[in-house]
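See structure below.
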Amino acid sequence: MDFSLSVEEREIRDWVRTFVRKELVPLEQEVLRRERAHQPGLTSDELSELRQKAKKSGFWGVQTPPEYGGMGLSAVMTALLEAELGRTFVPFSFGGSADNILFHANDEQKERYLLPTIEGTRKSCFAITEPGAGSDAKAIRTTARRDGSDWVINGEKTFITGGNEADFVMVFAVTDPDKGANGGVTCFLVDRDMGWRSEYIDTMGEWGPASLIFDDVRVPSSQILGEVGQGFALAMQWIGRGRYLLPARAIGSCERLLSMAIDHANTRETFGAPIAERQAIQWMIADSGVEIEALRWLVLHAAWQVDSGMDSRHAQSIAKLYGGQKANEIVDRVLQIHGGMGYTRELPIERWYRELRLLRIYEGTDEIQRRTIARNLLKGHVTVGGALG
């Protein structure tokens with residue numbers, strides 16, 4: 001069993017680490033200033049400029065297949081890159097990617113949606129969550145009724161990432177109420193100028209999701225992604241595409257936070273000695289170090305299963321659950337070690353505190369992960385201690 005990186009993998013990882021240190025970290029104070037003024041941390045032009053810098057070095061479409069101009073990196077390598085990006089809170093991601101289900105588009109749809117999204121000239125969003133259908137995706141109520149050769153969509157989606165910026169949406173609607181999720185849900189590609197609108201949702205973090213409102217939005221049958229009635233399977237494919245990448249980014253955040261705590265503990269003095277000499281501080285640092293390493297291997301194991309063509313859903317749920325819980329415990333300890341300064345907005349700790357809290361909710365709450373893990377064990381889909389076969 002070899003845990004070492006190849007020369008190429010190490011070079012890729014190190015390039016991203018350098019990019020984060022030289023291009024992103026210097027922006028942090030300005031990003032914090034803007035966010036305190038309720039402005040976006042990065043403008044779209046600034047984000048595009050950073051992405052173009054990365055593209056010049058070949059970093060474009062990290063997981064996009066090479067035939068579409070991407071790097072086609074493995075799941076393990078992508079997880080390592082996400083961890084590096086997580087070392088900063090600057091809201092950056094590499095360009096050149098598209099939602100995995102867009103690759104199910106027909107040729108005409110690929111020309112209109114997939115390729116422009118990869119090129120960065122179009123922006124998409126994925127819309128299944130509703131005010132009454134969050135973790136229970138089968139409970140969606142948005143409808144699409146056939147009217148001649150068209151479909152008319154009515155309903156509301158909520159907490160849609162990128163919904164305020166997107167110019168088209170992959171929206172899921174009930175087309176056969178009798179069948180529901182078992183053949184009665186269809187995915188539609190709907191341009192914003194076809195009539196839907198978005199409304200910003202203010203949250204405790206800097207994440208700005210949207211509500212999408214569909215009021216008699218008429219779309220032709222040519223806008224169906226995949227087949228009529230097969231939308232729920234597409235939705236589950238999107239949701240399960242890379243749950244391991246969320247705790248992967250948290251690894252980098254926790255590493256950066258722990259480094260801040262170590263530096264502060266070694267320099268902050270109380271009662272004539274650095275607080276690093278206090279057992280209470282030492283235990284917080286020790287526990288955080290152990291948990292980061294445990295999280296790293298849970299994430300990489302899940303990614304390895306993806307690369308091996310295995311059903312990785314159980315491993316991804318474990319990584320997501322553990323990552324969300326431990327990232328929140330670690331940032332809380334780091335804030336505590338910094339005392340009053342950790343609670344201010346002069347340091348990025350409280351910003352990470354708010355951001356990491358979301359990890360326990362979106363793309364599958366802690367409770368949903370526990371349900372999945374317990375069900376797999378109780379029904380015998382996985383065995384205790386069976387991770388290595």
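Going through the structure tokens in order, the chains are called A, B, and so on, while each chain numbers its residues from 1 and the ligands are numbered from 1 in the order shown.
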
Report task. Step one, run DSSP on the backbone; step two, keep only residues of range 230-389 of chain A assigned to helix (DSSP H, G or I); then write them as a ChimeraX atom specification. Result -> /A:231-239,245-267,275-277,279-307,313-338,340-343,349-360,366-378

Keeping C-alpha atoms, export the residues of the selection given above as a compact mmCIF listing (two decimals), in the first residue's frame.
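Result written to out04.txt:
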```
# COMPACT_ATOMS: atom_id res chain seq x y z
CA GLY A 231 -35.12 13.50 -14.34
CA PHE A 232 -34.89 12.13 -10.82
CA ALA A 233 -32.12 9.73 -11.81
CA LEU A 234 -30.22 12.70 -13.30
CA ALA A 235 -30.75 14.68 -10.10
CA MET A 236 -29.32 11.88 -7.97
CA GLN A 237 -26.36 11.61 -10.33
CA TRP A 238 -25.69 15.34 -9.85
CA ILE A 239 -26.04 15.15 -6.07
CA LEU A 245 -14.99 17.41 -2.54
CA LEU A 246 -16.81 19.39 0.15
CA PRO A 247 -14.84 17.95 3.10
CA ALA A 248 -11.75 17.99 0.86
CA ARG A 249 -11.83 21.79 0.78
CA ALA A 250 -12.44 21.81 4.53
CA ILE A 251 -9.11 20.02 5.00
CA GLY A 252 -7.26 23.06 3.67
CA SER A 253 -9.35 25.45 5.76
CA CYS A 254 -8.65 23.46 8.91
CA GLU A 255 -4.93 23.25 8.15
CA ARG A 256 -4.74 27.01 7.74
CA LEU A 257 -6.77 27.61 10.89
CA LEU A 258 -4.67 25.22 12.95
CA SER A 259 -1.50 26.93 11.73
CA MET A 260 -2.93 30.25 12.89
CA ALA A 261 -3.72 28.73 16.29
CA ILE A 262 -0.20 27.33 16.64
CA ASP A 263 1.40 30.67 15.74
CA HIS A 264 -0.85 32.53 18.17
CA ALA A 265 -0.28 30.01 20.99
CA ASN A 266 3.48 30.35 20.63
CA THR A 267 3.45 34.16 20.75
CA ILE A 275 -0.31 29.95 26.19
CA ALA A 276 1.23 27.08 24.18
CA GLU A 277 2.51 25.83 27.55
CA GLN A 279 -2.35 21.93 28.76
CA ALA A 280 -5.83 23.12 27.75
CA ILE A 281 -4.37 24.74 24.62
CA GLN A 282 -2.12 21.77 23.86
CA TRP A 283 -5.06 19.39 23.92
CA MET A 284 -7.10 21.55 21.55
CA ILE A 285 -4.19 21.66 19.12
CA ALA A 286 -3.51 17.92 19.45
CA ASP A 287 -7.15 16.94 18.89
CA SER A 288 -7.36 19.22 15.86
CA GLY A 289 -4.20 17.76 14.34
CA VAL A 290 -5.46 14.20 14.75
CA GLU A 291 -8.87 15.04 13.27
CA ILE A 292 -7.38 16.76 10.23
CA GLU A 293 -5.30 13.67 9.44
CA ALA A 294 -8.30 11.37 9.92
CA LEU A 295 -10.39 13.55 7.64
CA ARG A 296 -7.66 13.58 4.99
CA TRP A 297 -7.65 9.80 4.71
CA LEU A 298 -11.44 9.50 4.77
CA VAL A 299 -11.63 11.94 1.85
CA LEU A 300 -8.83 10.30 -0.13
CA HIS A 301 -10.30 6.85 0.46
CA ALA A 302 -13.65 8.00 -0.93
CA ALA A 303 -11.90 9.59 -3.91
CA TRP A 304 -9.86 6.42 -4.48
CA GLN A 305 -13.10 4.43 -4.63
CA VAL A 306 -14.42 6.83 -7.28
CA ASP A 307 -11.26 6.36 -9.36
CA ARG A 313 -21.56 6.65 -1.81
CA HIS A 314 -21.06 5.12 1.64
CA ALA A 315 -17.45 6.33 1.88
CA GLN A 316 -18.47 9.78 0.67
CA SER A 317 -21.21 10.02 3.29
CA ILE A 318 -18.71 9.10 6.01
CA ALA A 319 -16.25 11.75 4.80
CA LYS A 320 -18.98 14.39 4.49
CA LEU A 321 -20.39 13.69 7.96
CA TYR A 322 -17.01 13.58 9.70
CA GLY A 323 -15.69 16.56 7.77
CA GLY A 324 -18.64 18.79 8.58
CA GLN A 325 -18.60 17.94 12.26
CA LYS A 326 -14.86 18.14 12.81
CA ALA A 327 -14.32 21.29 10.72
CA ASN A 328 -16.83 23.06 12.93
CA GLU A 329 -15.18 21.79 16.10
CA ILE A 330 -11.73 22.84 14.85
CA VAL A 331 -12.72 26.38 13.87
CA ASP A 332 -14.46 26.75 17.23
CA ARG A 333 -11.27 25.72 19.05
CA VAL A 334 -9.17 28.09 16.96
CA LEU A 335 -11.54 30.96 17.74
CA GLN A 336 -11.34 30.07 21.44
CA ILE A 337 -7.53 30.01 21.36
CA HIS A 338 -7.52 33.51 19.86
CA GLY A 340 -11.62 38.13 21.86
CA MET A 341 -9.63 38.79 18.69
CA GLY A 342 -10.94 35.56 17.21
CA TYR A 343 -14.47 36.88 17.63
CA ILE A 349 -11.63 33.16 11.84
CA GLU A 350 -15.23 34.26 12.36
CA ARG A 351 -15.67 34.35 8.60
CA TRP A 352 -14.56 30.71 8.37
CA TYR A 353 -16.76 29.97 11.41
CA ARG A 354 -19.83 31.04 9.43
CA GLU A 355 -18.71 29.42 6.19
CA LEU A 356 -17.86 26.01 7.64
CA ARG A 357 -21.22 25.83 9.41
CA LEU A 358 -22.83 25.37 6.02
CA LEU A 359 -20.88 22.14 5.49
CA ARG A 360 -23.22 20.38 7.91
CA ASP A 366 -25.54 15.47 8.87
CA GLU A 367 -28.81 13.69 9.55
CA ILE A 368 -29.11 12.48 5.96
CA GLN A 369 -25.51 11.18 6.03
CA ARG A 370 -26.23 9.31 9.26
CA ARG A 371 -29.38 7.87 7.74
CA THR A 372 -27.44 6.69 4.68
CA ILE A 373 -24.60 5.19 6.72
CA ALA A 374 -26.94 3.43 9.15
CA ARG A 375 -29.17 2.07 6.38
CA ASN A 376 -26.20 0.66 4.49
CA LEU A 377 -24.92 -1.10 7.60
CA LEU A 378 -28.29 -2.36 8.82
```

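Neighbours of range 49-63 of chain A closer than or equal to 8 Å, with only C-alpha atoms counted and sequence neighbours fewer than 3 positions away skipped, come out as A:Glu23, A:Asp45, A:Glu46, A:Gly69, A:Gly70, A:Met71, A:Gly72, A:Leu73, A:Ser74, A:Ala75, A:Thr78, A:Ser93, A:Phe94, A:Gly95, A:Gly96, A:Ser97, A:Ile118.
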
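Ranking A:Thr143, A:Thr117, A:Thr203, A:Thr161 by their shortest atom-to-atom distance to Thr175 in chain A, with only C-alpha atoms included, puts A:Thr143 first.
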
Query raised in the report: Mind checking DSSP for range 143-334 of chain A and telling me the strand (DSSP E or B) residues as number ranges by chain?
Result: A: 143-147, 150-160, 168-174, 185-191, 197-200, 210-220, 224-225, 230, 269-270, 273-274

Interface rows for range 89-128 of chain A against range 179-187 of chain A: nearest pair, Å to one decimal, 10 Å, only C-alpha atoms, as CSV:
```
residue,atom,partner,partner_atom,distance
A:Phe126,CA,A:Cys187,CA,9.9
A:Ala127,CA,A:Cys187,CA,9.4
A:Ile128,CA,A:Cys187,CA,9.3
```

Query raised in the report: Which residue, A:Ala210, A:Met310, A:Leu225, A:Met204, has the smallest gap to Val190 in chain A when you use only C-alpha atoms?
Result: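 Of all the options, A:Leu225 lies closest to Val190 in chain A.
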
Query - Point-to-point distance in Å for CA of Tyr68 in chain A and CA of Thr18 in chain A - result: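 One can read the CA of Thr18 in chain A to CA of Tyr68 in chain A distance as 26.4 Å.
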
Query raised in the report: How many Å separate CA of Arg268 in chain A from CA of Arg345 in chain A?
Result: 19.0 Å

Report task. Determine, counting only C-alpha atoms, which protein, DNA and RNA residues have an atom within 12 Å of an atom of Arg34 in chain A; residues of the same chain fewer than 5 positions away are not included. Present the result as a ChimeraX atom specification. Result -> /A:27-29,39-43,90,206,345

Those residues with all heavy atoms, as a PDB file, in the first residue's frame please?
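Result file part.pdb:
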```pdb
ATOM      1  N   LEU A  27      -5.145  38.697  -1.471  1.00  0.00           N
ATOM      2  CA  LEU A  27      -6.427  39.374  -1.663  1.00  0.00           C
ATOM      3  C   LEU A  27      -7.312  39.308  -0.423  1.00  0.00           C
ATOM      4  O   LEU A  27      -8.377  39.945  -0.387  1.00  0.00           O
ATOM      5  CB  LEU A  27      -7.179  38.736  -2.843  1.00  0.00           C
ATOM      6  CG  LEU A  27      -6.491  38.739  -4.209  1.00  0.00           C
ATOM      7  CD1 LEU A  27      -7.342  37.965  -5.213  1.00  0.00           C
ATOM      8  CD2 LEU A  27      -6.254  40.158  -4.694  1.00  0.00           C
ATOM      9  N   GLU A  28      -6.905  38.562   0.576  1.00  0.00           N
ATOM     10  CA  GLU A  28      -7.799  38.266   1.689  1.00  0.00           C
ATOM     11  C   GLU A  28      -8.289  39.510   2.431  1.00  0.00           C
ATOM     12  O   GLU A  28      -9.484  39.619   2.734  1.00  0.00           O
ATOM     13  CB  GLU A  28      -7.117  37.302   2.665  1.00  0.00           C
ATOM     14  CG  GLU A  28      -6.994  35.905   2.107  1.00  0.00           C
ATOM     15  CD  GLU A  28      -6.376  34.918   3.083  1.00  0.00           C
ATOM     16  OE1 GLU A  28      -5.770  35.359   4.084  1.00  0.00           O
ATOM     17  OE2 GLU A  28      -6.494  33.702   2.848  1.00  0.00           O
ATOM     18  N   GLN A  29      -7.413  40.436   2.734  1.00  0.00           N
ATOM     19  CA  GLN A  29      -7.852  41.614   3.487  1.00  0.00           C
ATOM     20  C   GLN A  29      -8.851  42.452   2.703  1.00  0.00           C
ATOM     21  O   GLN A  29      -9.825  42.981   3.268  1.00  0.00           O
ATOM     22  CB  GLN A  29      -6.641  42.456   3.900  1.00  0.00           C
ATOM     23  CG  GLN A  29      -5.790  41.819   4.987  1.00  0.00           C
ATOM     24  CD  GLN A  29      -6.598  41.456   6.219  1.00  0.00           C
ATOM     25  OE1 GLN A  29      -7.352  42.276   6.755  1.00  0.00           O
ATOM     26  NE2 GLN A  29      -6.463  40.222   6.683  1.00  0.00           N
ATOM     27  N   GLN A  39     -20.462  43.636  -0.017  1.00  0.00           N
ATOM     28  CA  GLN A  39     -20.127  43.561  -1.439  1.00  0.00           C
ATOM     29  C   GLN A  39     -19.550  42.182  -1.742  1.00  0.00           C
ATOM     30  O   GLN A  39     -19.046  41.508  -0.838  1.00  0.00           O
ATOM     31  CB  GLN A  39     -19.109  44.642  -1.803  1.00  0.00           C
ATOM     32  CG  GLN A  39     -19.572  46.053  -1.554  1.00  0.00           C
ATOM     33  CD  GLN A  39     -18.440  47.065  -1.678  1.00  0.00           C
ATOM     34  OE1 GLN A  39     -17.282  46.695  -1.867  1.00  0.00           O
ATOM     35  NE2 GLN A  39     -18.771  48.340  -1.576  1.00  0.00           N
ATOM     36  N   PRO A  40     -19.594  41.760  -2.992  1.00  0.00           N
ATOM     37  CA  PRO A  40     -18.964  40.488  -3.345  1.00  0.00           C
ATOM     38  C   PRO A  40     -17.470  40.521  -3.051  1.00  0.00           C
ATOM     39  O   PRO A  40     -16.805  41.544  -3.263  1.00  0.00           O
ATOM     40  CB  PRO A  40     -19.219  40.366  -4.855  1.00  0.00           C
ATOM     41  CG  PRO A  40     -20.395  41.257  -5.119  1.00  0.00           C
ATOM     42  CD  PRO A  40     -20.264  42.391  -4.143  1.00  0.00           C
ATOM     43  N   GLY A  41     -16.932  39.395  -2.564  1.00  0.00           N
ATOM     44  CA  GLY A  41     -15.503  39.339  -2.269  1.00  0.00           C
ATOM     45  C   GLY A  41     -14.648  39.536  -3.503  1.00  0.00           C
ATOM     46  O   GLY A  41     -13.605  40.201  -3.460  1.00  0.00           O
ATOM     47  N   LEU A  42     -15.066  38.956  -4.603  1.00  0.00           N
ATOM     48  CA  LEU A  42     -14.413  39.137  -5.906  1.00  0.00           C
ATOM     49  C   LEU A  42     -15.462  39.553  -6.915  1.00  0.00           C
ATOM     50  O   LEU A  42     -16.574  39.021  -6.919  1.00  0.00           O
ATOM     51  CB  LEU A  42     -13.762  37.842  -6.390  1.00  0.00           C
ATOM     52  CG  LEU A  42     -12.510  37.316  -5.686  1.00  0.00           C
ATOM     53  CD1 LEU A  42     -12.092  35.983  -6.313  1.00  0.00           C
ATOM     54  CD2 LEU A  42     -11.370  38.313  -5.750  1.00  0.00           C
ATOM     55  N   THR A  43     -15.131  40.503  -7.768  1.00  0.00           N
ATOM     56  CA  THR A  43     -16.032  40.826  -8.866  1.00  0.00           C
ATOM     57  C   THR A  43     -15.916  39.740  -9.929  1.00  0.00           C
ATOM     58  O   THR A  43     -14.946  38.970  -9.947  1.00  0.00           O
ATOM     59  CB  THR A  43     -15.681  42.183  -9.490  1.00  0.00           C
ATOM     60  OG1 THR A  43     -14.386  42.083 -10.123  1.00  0.00           O
ATOM     61  CG2 THR A  43     -15.654  43.278  -8.431  1.00  0.00           C
ATOM     62  N   VAL A  90     -10.838  33.156   0.008  1.00  0.00           N
ATOM     63  CA  VAL A  90     -11.122  33.908  -1.216  1.00  0.00           C
ATOM     64  C   VAL A  90     -11.956  33.005  -2.135  1.00  0.00           C
ATOM     65  O   VAL A  90     -11.557  31.877  -2.432  1.00  0.00           O
ATOM     66  CB  VAL A  90      -9.827  34.342  -1.920  1.00  0.00           C
ATOM     67  CG1 VAL A  90     -10.127  34.996  -3.257  1.00  0.00           C
ATOM     68  CG2 VAL A  90      -9.048  35.307  -1.025  1.00  0.00           C
ATOM     69  N   GLU A 206     -21.231  34.140   3.553  1.00  0.00           N
ATOM     70  CA  GLU A 206     -21.097  34.961   2.351  1.00  0.00           C
ATOM     71  C   GLU A 206     -21.701  34.285   1.137  1.00  0.00           C
ATOM     72  O   GLU A 206     -21.708  34.834   0.044  1.00  0.00           O
ATOM     73  CB  GLU A 206     -19.620  35.285   2.099  1.00  0.00           C
ATOM     74  CG  GLU A 206     -18.939  36.004   3.248  1.00  0.00           C
ATOM     75  CD  GLU A 206     -19.671  37.258   3.691  1.00  0.00           C
ATOM     76  OE1 GLU A 206     -20.241  37.941   2.831  1.00  0.00           O
ATOM     77  OE2 GLU A 206     -19.671  37.547   4.910  1.00  0.00           O
ATOM     78  N   ARG A 345     -14.021  40.752  13.400  1.00  0.00           N
ATOM     79  CA  ARG A 345     -13.916  40.594  11.954  1.00  0.00           C
ATOM     80  C   ARG A 345     -12.588  41.120  11.416  1.00  0.00           C
ATOM     81  O   ARG A 345     -12.423  41.233  10.202  1.00  0.00           O
ATOM     82  CB  ARG A 345     -15.090  41.286  11.270  1.00  0.00           C
ATOM     83  CG  ARG A 345     -16.413  40.590  11.561  1.00  0.00           C
ATOM     84  CD  ARG A 345     -17.531  41.035  10.646  1.00  0.00           C
ATOM     85  NE  ARG A 345     -18.709  40.204  10.842  1.00  0.00           N
ATOM     86  CZ  ARG A 345     -19.832  40.321  10.142  1.00  0.00           C
ATOM     87  NH1 ARG A 345     -19.913  41.250   9.196  1.00  0.00           N
ATOM     88  NH2 ARG A 345     -20.848  39.522  10.364  1.00  0.00           N
TER      89      ARG A 345
END
```

**Report entry** Long-range neighbours of Leu114 in chain A as number ranges by chain, 10 Å cut-off, only C-alpha atoms, 5 positions minimum in chain
**Finding:** A: 68, 97-109, 119-120, 122-124

C-alpha atoms of the current selection, written as a PDB file, in the first residue's frame:
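Final file, again.pdb:
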```
ATOM      1  CA  TYR A  68     -13.730  18.934 -24.129  1.00  0.00           C
ATOM      2  CA  SER A  97     -16.127  22.979 -15.871  1.00  0.00           C
ATOM      3  CA  ALA A  98     -19.780  22.121 -16.326  1.00  0.00           C
ATOM      4  CA  ASP A  99     -22.299  20.151 -14.284  1.00  0.00           C
ATOM      5  CA  ASN A 100     -21.872  16.440 -14.881  1.00  0.00           C
ATOM      6  CA  ILE A 101     -25.430  15.899 -16.068  1.00  0.00           C
ATOM      7  CA  LEU A 102     -24.947  18.390 -18.919  1.00  0.00           C
ATOM      8  CA  PHE A 103     -22.875  15.712 -20.630  1.00  0.00           C
ATOM      9  CA  HIS A 104     -26.194  13.873 -21.131  1.00  0.00           C
ATOM     10  CA  ALA A 105     -27.301  16.683 -23.467  1.00  0.00           C
ATOM     11  CA  ASN A 106     -27.948  15.933 -27.126  1.00  0.00           C
ATOM     12  CA  ASP A 107     -25.682  17.437 -29.774  1.00  0.00           C
ATOM     13  CA  GLU A 108     -27.759  20.576 -30.251  1.00  0.00           C
ATOM     14  CA  GLN A 109     -28.008  21.150 -26.504  1.00  0.00           C
ATOM     15  CA  GLU A 119     -15.731  27.983 -22.116  1.00  0.00           C
ATOM     16  CA  GLY A 120     -17.055  30.275 -19.376  1.00  0.00           C
ATOM     17  CA  ARG A 122     -22.549  30.855 -19.957  1.00  0.00           C
ATOM     18  CA  LYS A 123     -23.457  30.218 -16.310  1.00  0.00           C
ATOM     19  CA  SER A 124     -25.727  27.464 -15.091  1.00  0.00           C
TER      20      SER A 124
END
```
